[in-house]
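Heads up, final20.cif below (mmCIF, C-alpha atoms and all ligand atoms):
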```
data_work
loop_
_atom_site.group_PDB
_atom_site.id
_atom_site.type_symbol
_atom_site.label_atom_id
_atom_site.label_comp_id
_atom_site.auth_asym_id
_atom_site.auth_seq_id
_atom_site.Cartn_x
_atom_site.Cartn_y
_atom_site.Cartn_z
ATOM 1 C CA MET A 1 100.510 82.415 90.418
ATOM 2 C CA SER A 2 101.644 85.555 88.606
ATOM 3 C CA ASP A 3 102.714 88.572 90.567
ATOM 4 C CA ASP A 4 99.761 90.417 89.106
ATOM 5 C CA SER A 5 97.078 88.072 90.293
ATOM 6 C CA LEU A 6 98.801 87.795 93.650
ATOM 7 C CA GLN A 7 98.679 91.549 93.882
ATOM 8 C CA ARG A 8 94.991 91.644 92.992
ATOM 9 C CA MET A 9 94.225 89.047 95.612
ATOM 10 C CA GLU A 10 96.087 91.007 98.209
ATOM 11 C CA THR A 11 94.300 94.226 97.289
ATOM 12 C CA GLU A 12 90.915 92.609 97.544
ATOM 13 C CA GLY A 13 91.641 90.363 100.459
ATOM 14 C CA GLU A 14 93.280 92.869 102.744
ATOM 15 C CA MET A 15 91.670 96.168 102.009
ATOM 16 C CA THR A 16 88.078 95.289 101.371
ATOM 17 C CA ASN A 17 87.654 92.019 103.157
ATOM 18 C CA GLY A 18 84.057 92.281 104.353
ATOM 19 C CA SER A 19 84.632 95.584 106.046
ATOM 20 C CA LEU A 20 85.560 98.668 104.074
ATOM 21 C CA ARG A 21 87.249 100.194 107.079
ATOM 22 C CA SER A 22 90.456 98.886 108.556
ATOM 23 C CA SER A 23 92.162 99.927 111.744
ATOM 24 C CA LYS A 24 95.138 102.224 111.629
ATOM 25 C CA ILE A 25 97.398 99.309 112.506
ATOM 26 C CA ALA A 26 95.966 97.109 109.757
ATOM 27 C CA LEU A 27 96.333 99.906 107.217
ATOM 28 C CA PHE A 28 99.891 100.587 108.234
ATOM 29 C CA SER A 29 100.892 96.964 108.055
ATOM 30 C CA TYR A 30 99.301 96.698 104.597
ATOM 31 C CA PHE A 31 101.168 99.861 103.581
ATOM 32 C CA LYS A 32 104.463 98.500 104.821
ATOM 33 C CA ARG A 33 103.986 95.104 103.212
ATOM 34 C CA CYS A 34 103.084 96.631 99.845
ATOM 35 C CA TYR A 35 105.965 99.093 100.004
ATOM 36 C CA GLU A 36 108.475 96.380 100.675
ATOM 37 C CA ARG A 37 107.423 94.557 97.541
ATOM 38 C CA HIS A 38 108.739 97.540 95.609
ATOM 39 C CA TYR A 39 111.523 98.934 97.768
ATOM 40 C CA ALA A 40 113.706 98.306 100.808
ATOM 41 C CA ALA A 41 112.298 99.217 104.231
ATOM 42 C CA ASN A 42 112.366 102.953 104.929
ATOM 43 C CA SER A 43 112.019 104.019 108.543
ATOM 44 C CA LYS A 44 111.667 107.729 107.749
ATOM 45 C CA LEU A 45 108.773 106.998 105.420
ATOM 46 C CA TYR A 46 107.190 104.685 107.988
ATOM 47 C CA SER A 47 107.275 107.242 110.755
ATOM 48 C CA ARG A 48 105.733 109.942 108.531
ATOM 49 C CA SER A 49 103.103 107.467 107.363
ATOM 50 C CA THR A 50 102.179 106.467 110.895
ATOM 51 C CA ILE A 51 101.684 110.109 111.883
ATOM 52 C CA ALA A 52 99.657 110.832 108.744
ATOM 53 C CA LEU A 53 97.511 107.725 109.170
ATOM 54 C CA GLY A 54 96.847 108.661 112.795
ATOM 55 C CA ARG A 55 95.581 112.085 111.752
ATOM 56 C CA LEU A 56 93.506 110.708 108.914
ATOM 57 C CA LYS A 57 91.889 108.047 111.062
ATOM 58 C CA ARG A 58 91.113 110.569 113.808
ATOM 59 C CA THR A 59 89.603 112.994 111.302
ATOM 60 C CA ALA A 60 87.628 110.577 109.156
ATOM 61 C CA SER A 61 84.138 109.598 110.142
ATOM 62 C CA GLY A 62 81.343 107.687 108.459
ATOM 63 C CA ARG A 63 82.033 107.058 104.796
ATOM 64 C CA ASP A 64 85.177 109.194 104.791
ATOM 65 C CA ALA A 65 86.752 106.472 106.861
ATOM 66 C CA TRP A 66 86.643 103.962 104.020
ATOM 67 C CA ASP A 67 90.080 102.542 103.366
ATOM 68 C CA MET A 68 90.162 103.859 99.831
ATOM 69 C CA TYR A 69 89.773 107.492 100.964
ATOM 70 C CA VAL A 70 92.318 107.128 103.729
ATOM 71 C CA TRP A 71 94.723 105.398 101.336
ATOM 72 C CA TYR A 72 94.458 108.087 98.647
ATOM 73 C CA ALA A 73 94.727 110.879 101.210
ATOM 74 C CA LEU A 74 97.833 109.200 102.634
ATOM 75 C CA ALA A 75 99.330 108.945 99.126
ATOM 76 C CA GLU A 76 98.611 112.629 98.608
ATOM 77 C CA ARG A 77 100.228 113.533 101.901
ATOM 78 C CA LEU A 78 103.359 111.495 101.229
ATOM 79 C CA ALA A 79 103.706 112.860 97.687
ATOM 80 C CA ARG A 80 103.449 116.400 99.069
ATOM 81 C CA LEU A 81 106.110 115.600 101.660
ATOM 82 C CA GLY A 82 108.400 114.593 98.813
ATOM 83 C CA PHE A 83 108.112 110.805 99.012
ATOM 84 C CA ASP A 84 107.393 108.575 96.055
ATOM 85 C CA ALA A 85 103.770 107.507 96.438
ATOM 86 C CA GLU A 86 102.986 106.398 92.922
ATOM 87 C CA TRP A 87 103.346 102.718 93.845
ATOM 88 C CA MET A 88 100.369 103.084 96.202
ATOM 89 C CA ASN A 89 97.907 103.268 93.319
ATOM 90 C CA ALA A 90 98.673 99.660 92.430
ATOM 91 C CA HIS A 91 97.412 98.490 95.813
ATOM 92 C CA ILE A 92 93.949 99.972 95.978
ATOM 93 C CA GLU A 93 91.007 99.802 93.669
ATOM 94 C CA PRO A 94 88.595 102.732 93.640
ATOM 95 C CA ARG A 95 85.052 101.626 94.414
ATOM 96 C CA CYS A 96 81.670 103.226 93.929
ATOM 97 C CA PRO A 97 81.166 105.653 96.854
ATOM 98 C CA GLN A 98 77.470 104.785 96.991
ATOM 99 C CA CYS A 99 77.366 100.991 96.783
ATOM 100 C CA SER A 100 81.083 100.095 97.044
ATOM 101 C CA GLY A 101 80.735 98.141 93.791
ATOM 102 C CA ARG A 102 83.375 98.011 91.100
ATOM 103 C CA LEU A 103 83.768 100.845 88.617
ATOM 104 C CA LYS A 104 83.810 100.734 84.832
ATOM 105 C CA TYR A 105 86.041 103.185 83.089
ATOM 106 C CA GLU A 106 85.267 105.236 80.043
ATOM 107 C CA GLN A 107 87.498 107.551 78.111
ATOM 108 C CA LEU A 108 85.864 110.766 77.010
ATOM 109 C CA ALA A 109 86.629 112.557 73.756
ATOM 110 C CA CYS A 110 88.846 115.002 75.647
ATOM 111 C CA ASP A 111 90.945 112.013 76.870
ATOM 112 C CA GLU A 112 89.651 112.361 80.389
ATOM 113 C CA ILE A 113 88.888 109.041 82.095
ATOM 114 C CA ILE A 114 85.716 108.758 84.106
ATOM 115 C CA GLY A 115 84.665 105.923 86.391
ATOM 116 C CA ILE A 116 81.045 104.875 86.387
ATOM 117 C CA CYS A 117 79.494 102.505 88.907
ATOM 118 C CA GLY A 118 79.431 99.018 87.381
ATOM 119 C CA THR A 119 75.721 98.686 88.139
ATOM 120 C CA ASP A 120 75.003 102.416 87.742
ATOM 121 C CA CYS A 121 73.390 102.249 91.158
ATOM 122 C CA THR A 122 72.138 105.843 91.124
ATOM 123 C CA ASP A 123 71.005 105.587 87.526
ATOM 124 C CA ASP A 124 72.725 108.774 86.384
ATOM 125 C CA ARG A 125 76.082 107.559 85.008
ATOM 126 C CA SER A 126 77.871 110.086 87.200
ATOM 127 C CA ASP A 127 81.642 110.135 87.433
ATOM 128 C CA ARG A 128 82.542 108.345 90.649
ATOM 129 C CA LEU A 129 86.224 109.216 90.334
ATOM 130 C CA GLU A 130 85.287 112.867 90.692
ATOM 131 C CA GLU A 131 83.235 112.072 93.791
ATOM 132 C CA ILE A 132 86.163 110.122 95.230
ATOM 133 C CA ARG A 133 88.558 112.985 94.485
ATOM 134 C CA GLU A 134 86.255 115.441 96.269
ATOM 135 C CA THR A 135 86.023 113.266 99.360
ATOM 136 C CA VAL A 136 89.784 112.686 99.428
ATOM 137 C CA ALA A 137 90.511 116.412 99.046
ATOM 138 C CA ASP A 138 88.069 117.210 101.822
ATOM 139 C CA LEU A 139 89.471 114.561 104.154
ATOM 140 C CA TYR A 140 93.013 115.686 103.392
ATOM 141 C CA SER A 141 92.204 119.326 104.088
ATOM 142 C CA ARG A 142 90.494 118.568 107.370
ATOM 143 C CA ALA A 143 93.312 116.297 108.542
ATOM 144 C CA PHE A 144 96.271 118.479 107.569
ATOM 145 C CA ALA A 145 95.092 122.079 107.121
ATOM 146 C CA GLU A 146 96.040 123.099 110.624
ATOM 147 C CA GLU A 147 99.635 122.112 110.157
ATOM 148 C CA SER A 148 100.224 122.812 106.469
ATOM 149 C CA GLY A 149 97.580 125.418 105.695
ATOM 150 C CA GLU A 150 96.689 123.371 102.629
ATOM 151 C CA GLN A 151 93.035 123.507 101.653
ATOM 152 C CA LEU A 152 92.827 121.182 98.709
ATOM 153 C CA SER A 153 90.091 120.871 96.182
ATOM 154 C CA ALA A 154 89.559 117.863 93.930
ATOM 155 C CA ASP A 155 91.592 119.475 91.143
ATOM 156 C CA ASP A 156 94.631 119.964 93.351
ATOM 157 C CA LEU A 157 95.265 116.298 94.004
ATOM 158 C CA VAL A 158 98.554 115.138 92.584
ATOM 159 C CA ARG A 159 98.067 111.442 93.254
ATOM 160 C CA LEU A 160 94.542 110.653 92.101
HETATM 161 ZN ZN ZN B 1 77.296 102.077 92.811
#
```
As structure tokens - that is how I would like this structure written.
Ligand SMILES: [Zn+2]
Amino acid sequence: MSDDSLQRMETEGEMTNGSLRSSKIALFSYFKRCYERHYAANSKLYSRSTIALGRLKRTASGRDAWDMYVWYALAERLARLGFDAEWMNAHIEPRCPQCSGRLKYEQLACDEIIGICGTDCTDDRSDRLEEIRETVADLYSRAFAEESGEQLSADDLVRL
């Protein structure tokens, strides 16, 4: 099996297996396992990630608690703390916020990429990536504003 298809299987199997929400421990162990496929273990990164995940999981409720939002907000947090978080994008697939279906991507004339629900479940061809960015920015701000004073909007995200 190629590394690529193995990676896809892992993404689908671990993060979205039936439930869209994983426990903090499950998310951290997925994080650690993915990281160690790219780099050597890093205890400083792991301790910051555990703290960040704890805050995110305590803050998130309802749909915000979907793994994809927590994962992107964690990537944002780590990038802003100066860690490399680019590798994290390879281990999550953005899903439609309404039906959790797969997205189809389209490139607009201005080179911007938008993600449309594969079944266009709300029948309006809206950009789901923008919706995801807004939820991630909101979750991030609620989880970390107190400590960092950062109130992010969708356009501020460096990792999504
Ligand atoms: Zn949908």
Could I get the residue neighbourhood of ligand ZN 1 (chain B) at 8 Å, counting all atoms listed in the file, as a compact mmCIF listing (two decimals) with C-alpha atoms, in the frame of the given file?
```
# COMPACT_ATOMS: atom_id res chain seq x y z
CA ARG A 95 85.05 101.63 94.41
CA CYS A 96 81.67 103.23 93.93
CA PRO A 97 81.17 105.65 96.85
CA GLN A 98 77.47 104.78 96.99
CA CYS A 99 77.37 100.99 96.78
CA SER A 100 81.08 100.10 97.04
CA GLY A 101 80.74 98.14 93.79
CA ARG A 102 83.38 98.01 91.10
CA LEU A 103 83.77 100.84 88.62
CA ILE A 116 81.04 104.88 86.39
CA CYS A 117 79.49 102.50 88.91
CA GLY A 118 79.43 99.02 87.38
CA THR A 119 75.72 98.69 88.14
CA ASP A 120 75.00 102.42 87.74
CA CYS A 121 73.39 102.25 91.16
CA THR A 122 72.14 105.84 91.12
```
Q: Output the residue selection produced by the PyMOL selection byres (((chain A and resi 31) around 12) and not hetatm) on the file above, formatted as a ChimeraX atom specification.
A: /A:10-11,14-15,22,24-30,32-39,41-42,45-47,49-50,53,67,70-72,74-75,85,87-92
Could you write out the selected residues, including C-alpha atoms, as a compact mmCIF listing (two decimals), in the coordinates of the input?
```
# COMPACT_ATOMS: atom_id res chain seq x y z
CA GLU A 10 96.09 91.01 98.21
CA THR A 11 94.30 94.23 97.29
CA GLU A 14 93.28 92.87 102.74
CA MET A 15 91.67 96.17 102.01
CA SER A 22 90.46 98.89 108.56
CA LYS A 24 95.14 102.22 111.63
CA ILE A 25 97.40 99.31 112.51
CA ALA A 26 95.97 97.11 109.76
CA LEU A 27 96.33 99.91 107.22
CA PHE A 28 99.89 100.59 108.23
CA SER A 29 100.89 96.96 108.06
CA TYR A 30 99.30 96.70 104.60
CA LYS A 32 104.46 98.50 104.82
CA ARG A 33 103.99 95.10 103.21
CA CYS A 34 103.08 96.63 99.84
CA TYR A 35 105.96 99.09 100.00
CA GLU A 36 108.48 96.38 100.68
CA ARG A 37 107.42 94.56 97.54
CA HIS A 38 108.74 97.54 95.61
CA TYR A 39 111.52 98.93 97.77
CA ALA A 41 112.30 99.22 104.23
CA ASN A 42 112.37 102.95 104.93
CA LEU A 45 108.77 107.00 105.42
CA TYR A 46 107.19 104.68 107.99
CA SER A 47 107.28 107.24 110.76
CA SER A 49 103.10 107.47 107.36
CA THR A 50 102.18 106.47 110.90
CA LEU A 53 97.51 107.72 109.17
CA ASP A 67 90.08 102.54 103.37
CA VAL A 70 92.32 107.13 103.73
CA TRP A 71 94.72 105.40 101.34
CA TYR A 72 94.46 108.09 98.65
CA LEU A 74 97.83 109.20 102.63
CA ALA A 75 99.33 108.94 99.13
CA ALA A 85 103.77 107.51 96.44
CA TRP A 87 103.35 102.72 93.84
CA MET A 88 100.37 103.08 96.20
CA ASN A 89 97.91 103.27 93.32
CA ALA A 90 98.67 99.66 92.43
CA HIS A 91 97.41 98.49 95.81
CA ILE A 92 93.95 99.97 95.98
```
Q: For atom CA of A:Cys110 and atom CA of A:Glu76, determine how far apart the two atoms are, in Å to one decimal place.
A: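 Atom CA of A:Cys110 sits 25.1 Å away from atom CA of A:Glu76.
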Please identify all polymer residues within 10 Å of stretch 129-140 of chain A, counting all atoms listed in the file, omitting same-chain residues fewer than 2 positions from it, and present them as an mmCIF file with C-alpha atoms, keeping the file's coordinate frame.
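Output (result37.cif):
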```cif
data_model
loop_
_atom_site.group_PDB
_atom_site.id
_atom_site.type_symbol
_atom_site.label_atom_id
_atom_site.label_comp_id
_atom_site.auth_asym_id
_atom_site.auth_seq_id
_atom_site.Cartn_x
_atom_site.Cartn_y
_atom_site.Cartn_z
ATOM 1 C CA ALA A 52 99.657 110.832 108.744
ATOM 2 C CA ARG A 55 95.581 112.085 111.752
ATOM 3 C CA LEU A 56 93.506 110.708 108.914
ATOM 4 C CA LYS A 57 91.889 108.047 111.062
ATOM 5 C CA THR A 59 89.603 112.994 111.302
ATOM 6 C CA ALA A 60 87.628 110.577 109.156
ATOM 7 C CA SER A 61 84.138 109.598 110.142
ATOM 8 C CA ARG A 63 82.033 107.058 104.796
ATOM 9 C CA ASP A 64 85.177 109.194 104.791
ATOM 10 C CA ALA A 65 86.752 106.472 106.861
ATOM 11 C CA MET A 68 90.162 103.859 99.831
ATOM 12 C CA TYR A 69 89.773 107.492 100.964
ATOM 13 C CA VAL A 70 92.318 107.128 103.729
ATOM 14 C CA TRP A 71 94.723 105.398 101.336
ATOM 15 C CA TYR A 72 94.458 108.087 98.647
ATOM 16 C CA ALA A 73 94.727 110.879 101.210
ATOM 17 C CA LEU A 74 97.833 109.200 102.634
ATOM 18 C CA GLU A 76 98.611 112.629 98.608
ATOM 19 C CA ARG A 77 100.228 113.533 101.901
ATOM 20 C CA PRO A 94 88.595 102.732 93.640
ATOM 21 C CA ARG A 95 85.052 101.626 94.414
ATOM 22 C CA CYS A 96 81.670 103.226 93.929
ATOM 23 C CA PRO A 97 81.166 105.653 96.854
ATOM 24 C CA GLN A 98 77.470 104.785 96.991
ATOM 25 C CA LEU A 103 83.768 100.845 88.617
ATOM 26 C CA TYR A 105 86.041 103.185 83.089
ATOM 27 C CA ILE A 113 88.888 109.041 82.095
ATOM 28 C CA ILE A 114 85.716 108.758 84.106
ATOM 29 C CA GLY A 115 84.665 105.923 86.391
ATOM 30 C CA ILE A 116 81.045 104.875 86.387
ATOM 31 C CA CYS A 117 79.494 102.505 88.907
ATOM 32 C CA SER A 126 77.871 110.086 87.200
ATOM 33 C CA ASP A 127 81.642 110.135 87.433
ATOM 34 C CA ARG A 142 90.494 118.568 107.370
ATOM 35 C CA ALA A 143 93.312 116.297 108.542
ATOM 36 C CA PHE A 144 96.271 118.479 107.569
ATOM 37 C CA ALA A 145 95.092 122.079 107.121
ATOM 38 C CA GLU A 150 96.689 123.371 102.629
ATOM 39 C CA GLN A 151 93.035 123.507 101.653
ATOM 40 C CA LEU A 152 92.827 121.182 98.709
ATOM 41 C CA SER A 153 90.091 120.871 96.182
ATOM 42 C CA ALA A 154 89.559 117.863 93.930
ATOM 43 C CA ASP A 155 91.592 119.475 91.143
ATOM 44 C CA ASP A 156 94.631 119.964 93.351
ATOM 45 C CA LEU A 157 95.265 116.298 94.004
ATOM 46 C CA ARG A 159 98.067 111.442 93.254
ATOM 47 C CA LEU A 160 94.542 110.653 92.101
#
```
Q: Could you tell me how far atom CA of A:Gly82 lies from atom CA of A:Val158, in Å and to one decimal?
A: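 Those two atoms sit 11.7 Å apart.
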Which centre and which edge lengths, in Å to one decimal, describe the axis-aligned box that holds all listed atoms of stretch 102-105 of chain A after 8 Å is added on each side, as AutoDock Vina command-line options?
```
--center_x 84.7 --center_y 100.6 --center_z 87.1 --size_x 18.7 --size_y 21.2 --size_z 24.0
```
Q: Would you work out the distance separating atom CA of A:Asp84 from atom CA of A:Gln107, expressed in Å to one decimal?
A: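 Computed distance, atom CA of A:Asp84 to atom CA of A:Gln107, equals 26.8 Å.
Minimum distance to A:Gly62 across A:Lys104, A:Ser43, A:Leu20, A:Glu112 (counting all atoms listed in the file) occurs at A:Leu20.
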N, CA and C atoms restored at stretch 134-154 of chain A, emitted as a short mmCIF file (atom, residue, chain, number, x, y, z; two decimals), in the frame of the given file:
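This went into part.cif:
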```cif
data_model
loop_
_atom_site.label_atom_id
_atom_site.label_comp_id
_atom_site.auth_asym_id
_atom_site.auth_seq_id
_atom_site.Cartn_x
_atom_site.Cartn_y
_atom_site.Cartn_z
N GLU A 134 86.79 114.40 95.38
CA GLU A 134 86.26 115.44 96.27
C GLU A 134 86.33 115.00 97.73
N THR A 135 85.97 113.75 97.98
CA THR A 135 86.02 113.27 99.36
C THR A 135 87.46 113.21 99.87
N VAL A 136 88.38 112.77 99.01
CA VAL A 136 89.78 112.69 99.43
C VAL A 136 90.33 114.09 99.71
N ALA A 137 90.02 115.04 98.85
CA ALA A 137 90.51 116.41 99.05
C ALA A 137 89.96 116.99 100.34
N ASP A 138 88.70 116.70 100.61
CA ASP A 138 88.07 117.21 101.82
C ASP A 138 88.69 116.57 103.07
N LEU A 139 88.86 115.27 103.02
CA LEU A 139 89.47 114.56 104.15
C LEU A 139 90.90 115.07 104.39
N TYR A 140 91.64 115.20 103.30
CA TYR A 140 93.01 115.69 103.39
C TYR A 140 93.04 117.07 104.05
N SER A 141 92.20 117.96 103.57
CA SER A 141 92.20 119.33 104.09
C SER A 141 91.87 119.35 105.56
N ARG A 142 90.87 118.57 105.96
CA ARG A 142 90.49 118.57 107.37
C ARG A 142 91.60 117.98 108.24
N ALA A 143 92.29 116.97 107.73
CA ALA A 143 93.31 116.30 108.54
C ALA A 143 94.59 117.14 108.65
N PHE A 144 94.95 117.85 107.59
CA PHE A 144 96.27 118.48 107.57
C PHE A 144 96.28 119.99 107.48
N ALA A 145 95.12 120.63 107.34
CA ALA A 145 95.09 122.08 107.12
C ALA A 145 95.78 122.84 108.26
N GLU A 146 95.52 122.38 109.47
CA GLU A 146 96.04 123.10 110.62
C GLU A 146 97.56 123.23 110.56
N GLU A 147 98.18 122.13 110.18
CA GLU A 147 99.64 122.11 110.16
C GLU A 147 100.20 122.74 108.88
N SER A 148 99.60 122.43 107.74
CA SER A 148 100.22 122.81 106.47
C SER A 148 99.52 124.00 105.83
N GLY A 149 98.34 124.34 106.32
CA GLY A 149 97.58 125.42 105.70
C GLY A 149 97.03 125.04 104.33
N GLU A 150 97.13 123.78 103.96
CA GLU A 150 96.69 123.37 102.63
C GLU A 150 95.20 123.06 102.63
N GLN A 151 94.44 123.81 101.86
CA GLN A 151 93.04 123.51 101.65
C GLN A 151 92.92 123.00 100.22
N LEU A 152 92.82 121.72 100.06
CA LEU A 152 92.83 121.18 98.71
C LEU A 152 91.42 121.07 98.16
N SER A 153 91.33 121.24 96.85
CA SER A 153 90.09 120.87 96.18
C SER A 153 90.42 119.67 95.28
N ALA A 154 89.37 119.09 94.71
CA ALA A 154 89.56 117.86 93.93
C ALA A 154 90.61 118.05 92.83
#
```
